[in-house]
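Presented below is the structure to which this report refers.
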Amino acid sequence: MLSRLLPKPRLLSTAAASRNVVVVDGIRLPFALTSTIYTDQLAVDLQRLAFTGLIAKTGLDKRDVDYLIAGTVIQEVRTSNLAREAAIGAGFPASIGGHTVAMACISSSVAITSAAEKIQSGHASAIIAGGAETFSDVPIRLTRPIRQKLITLPKALKKGGPLGAIRHMTKGLKMKDVALETPAIANYTTGEVMGVSSDRLSAKFGVSREEQDAFTVRSHTLAGKAHKDGWYNGEIVPYKGSTEENGIKADSTIESVSKLKPAFVKPHGTHTAANSSFLTDGASASLIMSEERALELGFKPLAYLRDWSFKACDPFEELLLGPTYCSQQVLSRNNLNLQSDIGVFEIHEAFAGQILSNITAMKSQKFADEKFNGKVVGEVDVDKMNTKGGSLALGHPFGATGSRLITTAARRLQDEGERFALIAACADGGLGHACILERYD
């Protein structure tokens with residue numbers, strides 16, 4: 001009887017649930033060694049240039065964009081909402097909103113998947129998502145004791161005058177307090193620099209210095225070839241007339257990189273300045289749409305964004321092993337086989353030791369027995385992985401790499417005629433990401 005009296009639930013549209021999300025296109029500014037070509041640019045400037053570069057390439061009317069999302073890690077306080085400030089600077093209508101995300105090295109990855117979730121929910125149809133990073137202008141702060149004294153200085157000055165202010169500022173200070181704080185590339189919880197974590201991970205999985213150096217040379221060689229062949233034409237928008245990425249050392253040899261001394265674990269570590277990604281400035285942007293909206297506007301997408309995973313692991317022992325856990329989840333969920341189904345791999349190269357450790361873990365029966373109830377993730381076909389170079393050579397602006405991986409993987413699917421691509425990346429905090437793209441025909 002009660003059920004007859006209750007109002008019937010309204011029938012909500014199910015159209016959003018069946019929405020296909022597509023990668024229409026993507027670009028990046030040239031990734032560059034820190035303190036070289038972008039010394040006069042803030043991160044917001046780089047993101048603005050990426051947004052305008054994507055609009056120029058696609059010919060999309062800015063009014064057809066529903067929302068913008070950007071990822072960044074080292075934030076400038078004045079532009080903490082990087083996406084919004086860059087969008088205004090790029091001339092998007094003031095009515096188009098945007099927000100900024102931070103998830104360490106996978107910040108633009110989560111920007112893109114957040115865009116996909118908005119589209120799937122029916123809250124948007126066309127979103128620009130990307131990210132930016134600069135190490136050429138980082139926030140350098142006074143130490144916390146000095147900052148705290150400065151905050152309360154007006155009160156001390158009012159109460160005790162100039163002498164009271166001086167006493168206030170000097171009381172209890174130690175010599176170590178009179179210094180500057182630069183952003184640390186170390187995990188907050190463990191206090192450990194990522195290079196140390198990766199070095200230890202490599203030792204755990206038996207990845208040698210020789211293997212890391214050989215992989216590093218491969219990355220630079222392939223990146224140099226891709227640039228020489230013009231493969232990145234169109235994907236990289238020129239900055240001051242140039243698309244050069246100045247971190248690529250195409251003439252690298254195993255002999256030259258093997259001469260470098262350990263950079264993190266001294267004197268017997270395996271990680272050096274060569275086989276570790278370098279500090280990089282850059283920005284990227286991807287155009288993410290519903291398939292319906294893309295076709296309506298006359299675009300032919302590059303790929304479907306089929307599924308994604310974000311997982312976490314122990315930051316003390318497995319800080320950079322996230323790609324293995326995420327790949328296992330996203331492949332299992334979609335009944336895909338790593339060897340027979342995946343034809344394109346784009347895996348972030350934070351360190352040569354990190355990516356080789358993940359590849360080893362993925363094919364390890366012992367690791368599968370411990371973590372995945374005996375189901376091995378699979379063996380990565382290295383000949384299909386990062387064939388246009390990777391982060392070791394191209395560079396790694398923390399907030400921008402995820403979008404680069406997506407764009408390159410989607411373009412490779414089209415060029416190589418493969419059906420599925422696996423993108424994977426590690427991130428500080430023991431975080432990881434993986435996603436599946438399917439070629440759009």
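Ordering of the structure tokens sets the chain letters (A, B, ...), residue numbers begin anew at 1 in every chain, and ligands are numbered from 1 in the order given.
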
Q. Which polymer residues have any atom within 12 Å of an atom of Arg333 of chain A, counting only C-alpha atoms, with same-chain residues fewer than 5 positions away left out, as a list in words?
A. Arg306, Asp307, Trp308, Ser309, Cys326, Ser327, Gln328, Cys435 and Ile436 of chain A

I need the residues from that last selection saved to file as a PDB file, in the first residue's frame (with N, CA and C atoms), if you can.
```
ATOM      1  N   ARG A 306      39.449   3.900 -23.446  1.00  0.00           N
ATOM      2  CA  ARG A 306      38.572   2.804 -23.023  1.00  0.00           C
ATOM      3  C   ARG A 306      38.488   2.599 -21.514  1.00  0.00           C
ATOM      4  N   ASP A 307      39.621   2.638 -20.841  1.00  0.00           N
ATOM      5  CA  ASP A 307      39.581   2.372 -19.394  1.00  0.00           C
ATOM      6  C   ASP A 307      40.885   2.874 -18.778  1.00  0.00           C
ATOM      7  N   TRP A 308      40.868   3.069 -17.462  1.00  0.00           N
ATOM      8  CA  TRP A 308      42.053   3.563 -16.771  1.00  0.00           C
ATOM      9  C   TRP A 308      42.063   3.091 -15.335  1.00  0.00           C
ATOM     10  N   SER A 309      43.231   3.156 -14.753  1.00  0.00           N
ATOM     11  CA  SER A 309      43.408   2.704 -13.369  1.00  0.00           C
ATOM     12  C   SER A 309      44.382   3.632 -12.662  1.00  0.00           C
ATOM     13  N   CYS A 326      48.820  -1.064 -11.754  1.00  0.00           N
ATOM     14  CA  CYS A 326      47.744  -0.479 -12.565  1.00  0.00           C
ATOM     15  C   CYS A 326      47.551  -1.235 -13.879  1.00  0.00           C
ATOM     16  N   SER A 327      48.643  -1.666 -14.481  1.00  0.00           N
ATOM     17  CA  SER A 327      48.530  -2.435 -15.724  1.00  0.00           C
ATOM     18  C   SER A 327      47.805  -3.745 -15.474  1.00  0.00           C
ATOM     19  N   GLN A 328      48.125  -4.386 -14.363  1.00  0.00           N
ATOM     20  CA  GLN A 328      47.447  -5.644 -14.025  1.00  0.00           C
ATOM     21  C   GLN A 328      45.945  -5.426 -13.895  1.00  0.00           C
ATOM     22  N   CYS A 435      46.313   3.162 -18.568  1.00  0.00           N
ATOM     23  CA  CYS A 435      45.060   3.287 -19.315  1.00  0.00           C
ATOM     24  C   CYS A 435      45.173   2.568 -20.641  1.00  0.00           C
ATOM     25  N   ILE A 436      44.014   2.272 -21.201  1.00  0.00           N
ATOM     26  CA  ILE A 436      43.899   1.557 -22.464  1.00  0.00           C
ATOM     27  C   ILE A 436      43.297   2.476 -23.519  1.00  0.00           C
TER      28      ILE A 436
END
```

Residues of segment 174-209 of chain A within 10 Å of segment 273-285 of chain A: nearest atom pair and distance (Å, one decimal) for each, counting only C-alpha atoms, sorted by chain and number, as a Markdown table?
```
| residue | atom | partner | partner_atom | distance |
| --- | --- | --- | --- | --- |
| A:Gly195 | CA | A:Ser276 | CA | 7.7 |
| A:Ser198 | CA | A:Ser276 | CA | 9.6 |
| A:Arg209 | CA | A:Asn275 | CA | 9.0 |
```

Mind dumping the selected residues with C-alpha atoms as a compact mmCIF listing (two decimals), in the first residue's frame?
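Contents of result.txt, as written:
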```
# COMPACT_ATOMS: atom_id res chain seq x y z
CA GLY A 195 66.42 8.33 -7.33
CA SER A 198 64.51 3.67 -7.86
CA ARG A 209 73.86 -0.58 -14.45
```

Q: Choose the residue, out of A:Thr272, A:His433, A:Tyr304, A:Lys259, that has the smallest atom-to-atom separation from Gln329 of chain A; count only C-alpha atoms.
A: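 Answer, going by the shortest atom-to-atom distance: A:His433.
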
Q) So which residues touch His268 of chain A within 12 Å, counting only C-alpha atoms, skipping near sequence neighbours fewer than 6 positions away, as a list in words? A)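 Counting only the stated atoms, we get Val196, Asp199, Arg200, Ala203, Ser208, Arg209, Leu260, Lys261 and Pro262 of chain A.
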
**Q.** Nearby residues (only C-alpha atoms) at most 8 Å from segment 237-240 of chain A, same-chain spacing under 5 positions excluded, as a VMD selection string
**A.** chain A and resid 27 to 30 50 53

Q: May I have all residues of segment 33-273 of chain A that DSSP, computed from the backbone, assigns to alpha helix (DSSP H), given as an MDAnalysis selection string?
A: chainID A and resid 43:58 82:89 107:120 144:170 194:204 209:228 254:257

**Q.** Shell of 10 Å around Val377 of chain A, only C-alpha atoms, local chain residues under 6 positions omitted, as a list of chain:residue names
**A.** A:Thr324, A:Tyr325, A:Ser327, A:Gln328, A:Gln329, A:Leu331, A:Ser332, A:Asn337, A:Leu338, A:Gln339, A:Ile359, A:Ala361, A:Met362, A:Lys363, A:Ser364, A:Gln365, A:Phe367, A:Ala368

Written selection (C-alpha atoms) as a compact mmCIF listing (two decimals), in the first residue's frame:
```txt
# COMPACT_ATOMS: atom_id res chain seq x y z
CA THR A 324 52.77 -2.83 -12.67
CA TYR A 325 49.80 -2.75 -10.30
CA SER A 327 48.53 -2.43 -15.72
CA GLN A 328 47.45 -5.64 -14.03
CA GLN A 329 44.14 -4.09 -13.02
CA LEU A 331 44.23 -5.47 -18.41
CA SER A 332 42.33 -7.91 -16.20
CA ASN A 337 46.42 -10.06 -22.88
CA LEU A 338 49.63 -8.07 -22.68
CA GLN A 339 51.41 -10.08 -25.36
CA ILE A 359 58.96 -4.66 -16.90
CA ALA A 361 57.92 -7.33 -12.21
CA MET A 362 55.24 -7.66 -14.90
CA LYS A 363 56.74 -10.89 -16.22
CA SER A 364 57.78 -12.32 -12.84
CA GLN A 365 55.93 -15.41 -11.66
CA PHE A 367 55.94 -11.34 -8.02
CA ALA A 368 52.61 -12.54 -9.44
```

Q: Could you jot down the atom CA of Arg404 of chain A to atom CA of Glu349 of chain A separation for me, Å, one decimal place?
A: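 Atom-to-atom, atom CA of Arg404 of chain A and atom CA of Glu349 of chain A are spaced 12.4 Å apart.
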
Q.
I'd like the contact shell of Gly322 of chain A - 6 Å cut-off, only C-alpha atoms, skipping same-chain residues fewer than 5 positions apart - returned as a PyMOL selection string.
A. chain A and resi 426+431-432

Long-range neighbours of segment 75-87 of chain A as an mmCIF file with all heavy atoms, in the first residue's frame, 7 Å cut-off, only C-alpha atoms, 5 positions minimum in chain:
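Below is the file that was written, out_18.cif:
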```cif
data_model
loop_
_atom_site.group_PDB
_atom_site.id
_atom_site.type_symbol
_atom_site.label_atom_id
_atom_site.label_comp_id
_atom_site.auth_asym_id
_atom_site.auth_seq_id
_atom_site.Cartn_x
_atom_site.Cartn_y
_atom_site.Cartn_z
ATOM 1 N N VAL A 44 52.028 29.076 -15.914
ATOM 2 C CA VAL A 44 50.755 29.514 -16.489
ATOM 3 C C VAL A 44 50.941 29.998 -17.924
ATOM 4 O O VAL A 44 50.071 29.804 -18.782
ATOM 5 C CB VAL A 44 50.099 30.604 -15.608
ATOM 6 C CG1 VAL A 44 50.904 31.901 -15.645
ATOM 7 C CG2 VAL A 44 48.660 30.835 -16.021
ATOM 8 N N ASP A 45 52.100 30.599 -18.204
ATOM 9 C CA ASP A 45 52.392 31.028 -19.576
ATOM 10 C C ASP A 45 52.551 29.831 -20.503
ATOM 11 O O ASP A 45 52.061 29.828 -21.639
ATOM 12 C CB ASP A 45 53.665 31.874 -19.608
ATOM 13 C CG ASP A 45 53.554 33.141 -18.777
ATOM 14 O OD1 ASP A 45 52.492 33.784 -18.838
ATOM 15 O OD2 ASP A 45 54.523 33.476 -18.085
ATOM 16 N N GLN A 47 51.258 26.852 -20.066
ATOM 17 C CA GLN A 47 49.959 26.216 -20.270
ATOM 18 C C GLN A 47 49.101 27.014 -21.240
ATOM 19 O O GLN A 47 48.397 26.449 -22.081
ATOM 20 C CB GLN A 47 49.233 26.045 -18.936
ATOM 21 C CG GLN A 47 47.988 25.184 -19.010
ATOM 22 C CD GLN A 47 48.313 23.738 -19.353
ATOM 23 O OE1 GLN A 47 48.789 22.971 -18.530
ATOM 24 N NE2 GLN A 47 48.073 23.339 -20.599
ATOM 25 N N ARG A 48 49.159 28.324 -21.137
ATOM 26 C CA ARG A 48 48.426 29.174 -22.073
ATOM 27 C C ARG A 48 48.876 28.922 -23.511
ATOM 28 O O ARG A 48 48.052 28.792 -24.430
ATOM 29 C CB ARG A 48 48.642 30.649 -21.698
ATOM 30 C CG ARG A 48 48.107 31.636 -22.736
ATOM 31 C CD ARG A 48 48.329 33.076 -22.284
ATOM 32 N NE ARG A 48 49.705 33.358 -21.917
ATOM 33 C CZ ARG A 48 50.695 33.600 -22.788
ATOM 34 N NH1 ARG A 48 50.442 33.593 -24.089
ATOM 35 N NH2 ARG A 48 51.925 33.861 -22.362
ATOM 36 N N LEU A 68 38.018 23.141 -18.967
ATOM 37 C CA LEU A 68 39.459 22.918 -19.094
ATOM 38 C C LEU A 68 40.013 22.401 -17.770
ATOM 39 O O LEU A 68 39.607 22.862 -16.694
ATOM 40 C CB LEU A 68 40.195 24.198 -19.490
ATOM 41 C CG LEU A 68 39.781 24.833 -20.818
ATOM 42 C CD1 LEU A 68 38.814 25.993 -20.572
ATOM 43 C CD2 LEU A 68 40.985 25.328 -21.602
ATOM 44 N N ILE A 69 40.948 21.455 -17.862
ATOM 45 C CA ILE A 69 41.595 20.883 -16.672
ATOM 46 C C ILE A 69 43.098 20.833 -16.928
ATOM 47 O O ILE A 69 43.539 20.421 -18.005
ATOM 48 C CB ILE A 69 41.076 19.468 -16.352
ATOM 49 C CG1 ILE A 69 39.545 19.438 -16.310
ATOM 50 C CG2 ILE A 69 41.645 18.974 -15.022
ATOM 51 C CD1 ILE A 69 38.955 18.046 -16.123
ATOM 52 N N ALA A 70 43.873 21.241 -15.941
ATOM 53 C CA ALA A 70 45.329 21.193 -16.072
ATOM 54 C C ALA A 70 45.945 20.532 -14.845
ATOM 55 O O ALA A 70 45.421 20.636 -13.736
ATOM 56 C CB ALA A 70 45.899 22.601 -16.254
ATOM 57 N N PHE A 92 39.787 32.197 -23.882
ATOM 58 C CA PHE A 92 38.538 31.439 -23.808
ATOM 59 C C PHE A 92 37.464 32.304 -23.156
ATOM 60 O O PHE A 92 37.777 33.160 -22.315
ATOM 61 C CB PHE A 92 38.738 30.153 -22.989
ATOM 62 C CG PHE A 92 39.469 29.075 -23.730
ATOM 63 C CD1 PHE A 92 40.850 29.039 -23.736
ATOM 64 C CD2 PHE A 92 38.776 28.097 -24.443
ATOM 65 C CE1 PHE A 92 41.537 28.062 -24.424
ATOM 66 C CE2 PHE A 92 39.455 27.109 -25.137
ATOM 67 C CZ PHE A 92 40.840 27.094 -25.135
ATOM 68 N N GLY A 97 34.538 27.251 -17.401
ATOM 69 C CA GLY A 97 35.269 27.000 -16.164
ATOM 70 C C GLY A 97 36.456 26.076 -16.349
ATOM 71 O O GLY A 97 36.669 25.488 -17.414
ATOM 72 N N GLY A 98 37.225 25.952 -15.277
ATOM 73 C CA GLY A 98 38.366 25.056 -15.304
ATOM 74 C C GLY A 98 38.926 24.859 -13.917
ATOM 75 O O GLY A 98 38.762 25.704 -13.034
ATOM 76 N N HIS A 99 39.574 23.731 -13.711
ATOM 77 C CA HIS A 99 40.234 23.510 -12.426
ATOM 78 C C HIS A 99 41.560 22.795 -12.636
ATOM 79 O O HIS A 99 41.849 22.281 -13.722
ATOM 80 C CB HIS A 99 39.337 22.740 -11.450
ATOM 81 C CG HIS A 99 39.168 21.282 -11.750
ATOM 82 N ND1 HIS A 99 38.135 20.793 -12.507
ATOM 83 C CD2 HIS A 99 39.893 20.192 -11.376
ATOM 84 C CE1 HIS A 99 38.217 19.471 -12.590
ATOM 85 N NE2 HIS A 99 39.285 19.090 -11.920
ATOM 86 N N THR A 100 42.358 22.772 -11.586
ATOM 87 C CA THR A 100 43.716 22.253 -11.643
ATOM 88 C C THR A 100 43.880 21.099 -10.664
ATOM 89 O O THR A 100 43.323 21.117 -9.568
ATOM 90 C CB THR A 100 44.719 23.381 -11.320
ATOM 91 O OG1 THR A 100 44.562 24.424 -12.290
ATOM 92 C CG2 THR A 100 46.152 22.888 -11.353
ATOM 93 N N PRO A 139 59.028 28.301 -6.538
ATOM 94 C CA PRO A 139 58.844 29.080 -5.309
ATOM 95 C C PRO A 139 59.921 28.732 -4.275
ATOM 96 O O PRO A 139 59.999 27.604 -3.794
ATOM 97 C CB PRO A 139 57.446 28.650 -4.829
ATOM 98 C CG PRO A 139 57.223 27.311 -5.451
ATOM 99 C CD PRO A 139 57.951 27.315 -6.745
#
```

Q. By how many Å are atom CA of Val24 of chain A and atom CA of Val65 of chain A apart?
A.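 For atom CA of Val24 of chain A relative to atom CA of Val65 of chain A, the distance reads 12.8 Å.
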
(Q) Restricting the calculation to only C-alpha atoms: of A:Ile140, A:Ile423, A:Val207, A:Ile74, which residue gets closest to Met103 of chain A? (A) A:Ile74
